[in-house]
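Working notes for the structure below.
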Amino acid sequence: MDFRTQISIPKSALSISHNTRMMLFGSCFAENIGCLLVDNKFHADVNPFGILYNPLSITTAINRLLNRDAFAEDDLVFRDGLFHSFLHHGVFSAETEEDCLSNISQRFLAAAEEIGQTDLFLVTFGTAYVYRLAQSGAVVGNCHKFPEAMFSRSRLTIDDIVGVWSPLIRRLQALNPDVKIVFTVSPVRHWKDGAHENQVSKSMLHVAVDTLQSEFQDSVHYFPAYEIVMDELRDYRFYAEDMMHPSGTAVAYLWTRFCETYFCEETQKIIDEWQKIHRALAHRPRNIGSTEYRNFLLQMIGRIENFAAKHPNTDCSKEIKSAAQLLETL
């Protein structure tokens with residue numbers, strides 16, 4: 001007897017390889033899978049505005065990158081000793097205006113260069129609820145704990161979401177006719193919205209994505225991260241301590257299903273080859289100053305360089321530099 005409901009995911013016609021240039025936007029799934037893509041040597045720019053939760057904030061971020069509309073001092077706000085941007089996650093906030101703007105600009109400029117060459121966008125919607133500045137009506141990506149009176153809260157309709165995403169997808173297609181978008185809905189429950197309100201919100205996101213799939217059948221795909229966690233992993237042992245976010249085990253399982261869906265056998269072999277190197281790099285010697293450890297580092301640099309030469313679309317410069325710096329300390 002099978003005591004779980006397994007989500008059936010057919011092998012996708014969309015194939016992701018180490019040649020694919022990717023950008024990821026959104027909440028939980030985008031961040032988790034994005035980090036795993038980077039760790040496994042894929043070319044992926046993950047959340048250049050930080051974690052974003054609602055569909056409108058994500059479109060604002062992408063359009064701003066396409067327009068190369070860089071940020072300036074006037075875009076920043078100050079509260080609790082930190083400068084913030086209402087369009088960015090708190091990881092960009094800083095004690096000085098200069099540092100905050102520097103944090104934002106470095107990521108923005110790199111992403112603006114990258115977006116025109118991007119083959120695949122992986123976008124995760126977290127909630128259909130948005131917060132707007134009461135004074136201007138502009139949707140914010142993060143309230144940064146400013147007073148509640150500064151904002152109005154509302155729930156997007158399906159038409160609201162499709163209405164901003166349809167023209168954005170057409171714009172991306174104009175840049176690259178072969179561009180693909182993979183949507184997911186975050187399995188993280190927004191419990192502060194209330195149980196019923198959270199379900200309605202997630203439903204809006206699902207139907208909006210389904211509508212976009214129907215409109216852009218050759219370009220838009222959907223990966224059922226939400227369904228896998230809600231149905232296949234229907235147990236609190238697959239959640240973190242807050243009982244809202246997926247646990248490390250759940251994220252690892254989502255990654256496995258993602259790999260099965262989008263990676264060909266050759267791509268998986270490259271991942272397996274890199275993981276052997278990655279595990280070896282994590283080795284901690286008993287005697288750092290030993291000749292054996294020095295030889296180990298020399299061997300690892302050789303292995304990494306051979307891997308990079310064999311797979312020229314991977315960037316292993318960080319690992320080579322790190323190993324070389326360790327050698328210099330011996």
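By order of appearance in the structure tokens: chains A, B, ..., then residues from 1 within every chain, and ligands from 1 in the order shown.
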Item to complete: May I have the residues within 8 Å of A:Ile277 as a PyMOL selection string, using only C-alpha atoms and disregarding those fewer than 5 positions away in the same chain?
Response: chain A and resi 300+303-304
Since we have the selection now, will you write its residues out, keeping C-alpha atoms, as an mmCIF file, in the first residue's frame?
data_model
loop_
_atom_site.group_PDB
_atom_site.id
_atom_site.type_symbol
_atom_site.label_atom_id
_atom_site.label_comp_id
_atom_site.auth_asym_id
_atom_site.auth_seq_id
_atom_site.Cartn_x
_atom_site.Cartn_y
_atom_site.Cartn_z
ATOM 1 C CA MET A 300 42.016 19.781 -6.250
ATOM 2 C CA ARG A 303 40.704 18.662 -10.896
ATOM 3 C CA ILE A 304 38.775 21.942 -10.940
#
Discussion item. I need the strand (DSSP E) residues of stretch 137-264 of chain A per DSSP on the backbone, written as a list in words.
Written reply: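 After running DSSP on the backbone, stretch 137-264 of chain A has strand (DSSP E) at Val139, Val140, Phe151, Ser152, Arg153, Ser154, Arg155, Lys180, Ile181, Val182, Phe183, Thr184, Val185, Val220, His221 and Tyr222 of chain A.
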Discussion item. According to DSSP computed on the backbone, where in stretch 140-266 of chain A is there helix (DSSP H, G or I)? Give the residues as a PyMOL selection string.
Written reply: chain A and resi 148-150+158-175+191-193+195-215+225-232+236-238+248-262+265-266
Worksheet item: Neighbours of A:Ser57 within 7 Å (only C-alpha atoms; same-chain residues fewer than 3 positions away dropped), as an MDAnalysis selection string?
Response: chainID A and resid 52 54 60:61 139:141
Keeping N, CA and C atoms, export the residues of the selection given above as an mmCIF file, in the first residue's frame.
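Now in part_9.cif:
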data_model
loop_
_atom_site.group_PDB
_atom_site.id
_atom_site.type_symbol
_atom_site.label_atom_id
_atom_site.label_comp_id
_atom_site.auth_asym_id
_atom_site.auth_seq_id
_atom_site.Cartn_x
_atom_site.Cartn_y
_atom_site.Cartn_z
ATOM 1 N N LEU A 52 11.146 38.657 -3.575
ATOM 2 C CA LEU A 52 9.924 39.413 -3.843
ATOM 3 C C LEU A 52 8.759 38.439 -3.793
ATOM 4 N N ASN A 54 5.042 39.273 -4.480
ATOM 5 C CA ASN A 54 3.830 39.418 -5.283
ATOM 6 C C ASN A 54 4.142 39.625 -6.762
ATOM 7 N N THR A 60 7.652 44.883 -11.886
ATOM 8 C CA THR A 60 8.317 46.179 -11.729
ATOM 9 C C THR A 60 9.831 46.011 -11.795
ATOM 10 N N ALA A 61 10.343 44.997 -11.111
ATOM 11 C CA ALA A 61 11.786 44.741 -11.100
ATOM 12 C C ALA A 61 12.291 44.412 -12.494
ATOM 13 N N VAL A 139 3.019 50.032 -5.695
ATOM 14 C CA VAL A 139 3.175 48.756 -4.997
ATOM 15 C C VAL A 139 4.603 48.634 -4.487
ATOM 16 N N VAL A 140 4.758 48.203 -3.245
ATOM 17 C CA VAL A 140 6.089 48.017 -2.668
ATOM 18 C C VAL A 140 6.426 46.524 -2.615
ATOM 19 N N GLY A 141 7.710 46.250 -2.730
ATOM 20 C CA GLY A 141 8.157 44.868 -2.600
ATOM 21 C C GLY A 141 8.371 44.479 -1.157
#
Item to complete: Give me the residues within 8 Å of stretch 237-252 of chain A as a ChimeraX atom specification, counting only C-alpha atoms and dropping any in the same chain fewer than 4 places off.
Response: /A:28,32-33,187-191,229,233,256
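The residue set within 12 Å of A:Leu330, counting only C-alpha atoms and dropping same-chain residues fewer than 2 places from it, reads Asn287, Ile288, Gly289, Ser290, Thr291, Glu292, Tyr293, Arg294, Asn295, Leu297, Leu298, Ala323, Ala324, Gln325, Leu326, Leu327 and Glu328 of chain A.
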Item to complete: Quick one: pull the distance between atom CA of A:Leu122 and atom CA of A:Asp75, Å, one decimal.
Response: 26.7 Å
Discussion item. My list of candidates is A:Tyr222, A:Val164, A:Phe92, A:Arg64. Which is closest to A:Gln106 when distances are computed with only C-alpha atoms?
Written reply: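 Nearest candidate to A:Gln106 out of A:Tyr222, A:Val164, A:Phe92, A:Arg64: A:Phe92.
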Item to complete: One decimal, Å: what's the distance from atom CA of A:Pro224 over to atom CA of A:Phe263, could you say?
Response: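 We find that atom CA of A:Pro224 and atom CA of A:Phe263 lie 16.0 Å from each other.
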Practice prompt. State, in Å with one decimal place, the distance from atom CA of A:Gly302 to atom CA of A:Glu319.
Written response: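 Distance reported for this atom pair: 11.3 Å.
Look at A:Ser154: the protein and nucleic acid residues within 12 Å of it, using only C-alpha atoms and passing over chain neighbours fewer than 5 places away, are Asn54, Thr127, Ala128, Tyr129, Val130, Tyr131, Arg132, Leu133, Ala134, Gly137, Val139, Asp160, Asp193, Glu197 and Ser201 of chain A.
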Take the residues just selected and output them with C-alpha atoms as a PDB file, in the first residue's frame.
ATOM      1  CA  ASN A  54       3.830  39.418  -5.283  1.00  0.00           C
ATOM      2  CA  THR A 127       1.072  35.911  -2.607  1.00  0.00           C
ATOM      3  CA  ALA A 128      -1.644  37.813  -4.449  1.00  0.00           C
ATOM      4  CA  TYR A 129      -1.785  40.406  -1.661  1.00  0.00           C
ATOM      5  CA  VAL A 130       0.030  43.680  -2.258  1.00  0.00           C
ATOM      6  CA  TYR A 131       0.874  46.725  -0.181  1.00  0.00           C
ATOM      7  CA  ARG A 132       0.642  50.120  -1.857  1.00  0.00           C
ATOM      8  CA  LEU A 133       2.000  53.409  -0.615  1.00  0.00           C
ATOM      9  CA  ALA A 134      -1.081  55.345   0.445  1.00  0.00           C
ATOM     10  CA  GLY A 137      -0.487  54.063  -4.899  1.00  0.00           C
ATOM     11  CA  VAL A 139       3.175  48.756  -4.997  1.00  0.00           C
ATOM     12  CA  ASP A 160      -4.590  42.308 -12.474  1.00  0.00           C
ATOM     13  CA  ASP A 193      -3.274  36.624   5.925  1.00  0.00           C
ATOM     14  CA  GLU A 197      -7.318  34.240   2.734  1.00  0.00           C
ATOM     15  CA  SER A 201      -4.518  34.124  -2.621  1.00  0.00           C
TER      16      SER A 201
END
Where does stretch 114-158 of chain A meet stretch 173-177 of chain A within 8 Å, residue by residue, with the nearest atom pair and distance in Å to one decimal for each, counting only C-alpha atoms, listed by chain and rising number, as CSV?
residue,atom,partner,partner_atom,distance
A:Gly116,CA,A:Leu175,CA,6.7
A:Gln117,CA,A:Asn176,CA,8.0
A:Asp119,CA,A:Asn176,CA,7.6
Discussion item. List as number ranges by chain the protein and nucleic acid residues near A:Gly90, meaning an atom at most 12 Å away when only C-alpha atoms are counted, but skip any in the same chain fewer than 6 places from it.
Written reply: A: 49-52, 77, 79, 82-84, 100, 103-104, 141-145
Worksheet item: Restricting the calculation to only C-alpha atoms, which member of A:Thr184, A:Thr96, A:Thr5, A:Ser27 is positioned closest to A:Val220?
Response: A:Thr184
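Proximity of A:Glu260, A:Leu87, A:Ser166, A:Glu95 to A:Ala138, computed with only C-alpha atoms, is greatest for A:Leu87.
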Fill in: Proximity to A:Phe125 - best of A:Ser219, A:Thr59, A:Ser317, A:Ser85, only C-alpha atoms
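Closest to A:Phe125, using only C-alpha atoms: A:Thr59.
With only C-alpha atoms as the atoms that count, the residue of A:Ala70, A:Val182, A:Ile270, A:Ala44 with the shortest distance to A:Met23 is A:Ala44.
Residue nearest A:Glu232, chosen from A:Tyr253, A:Phe151, A:Tyr53, A:Tyr262 and counting only C-alpha atoms: A:Tyr253.
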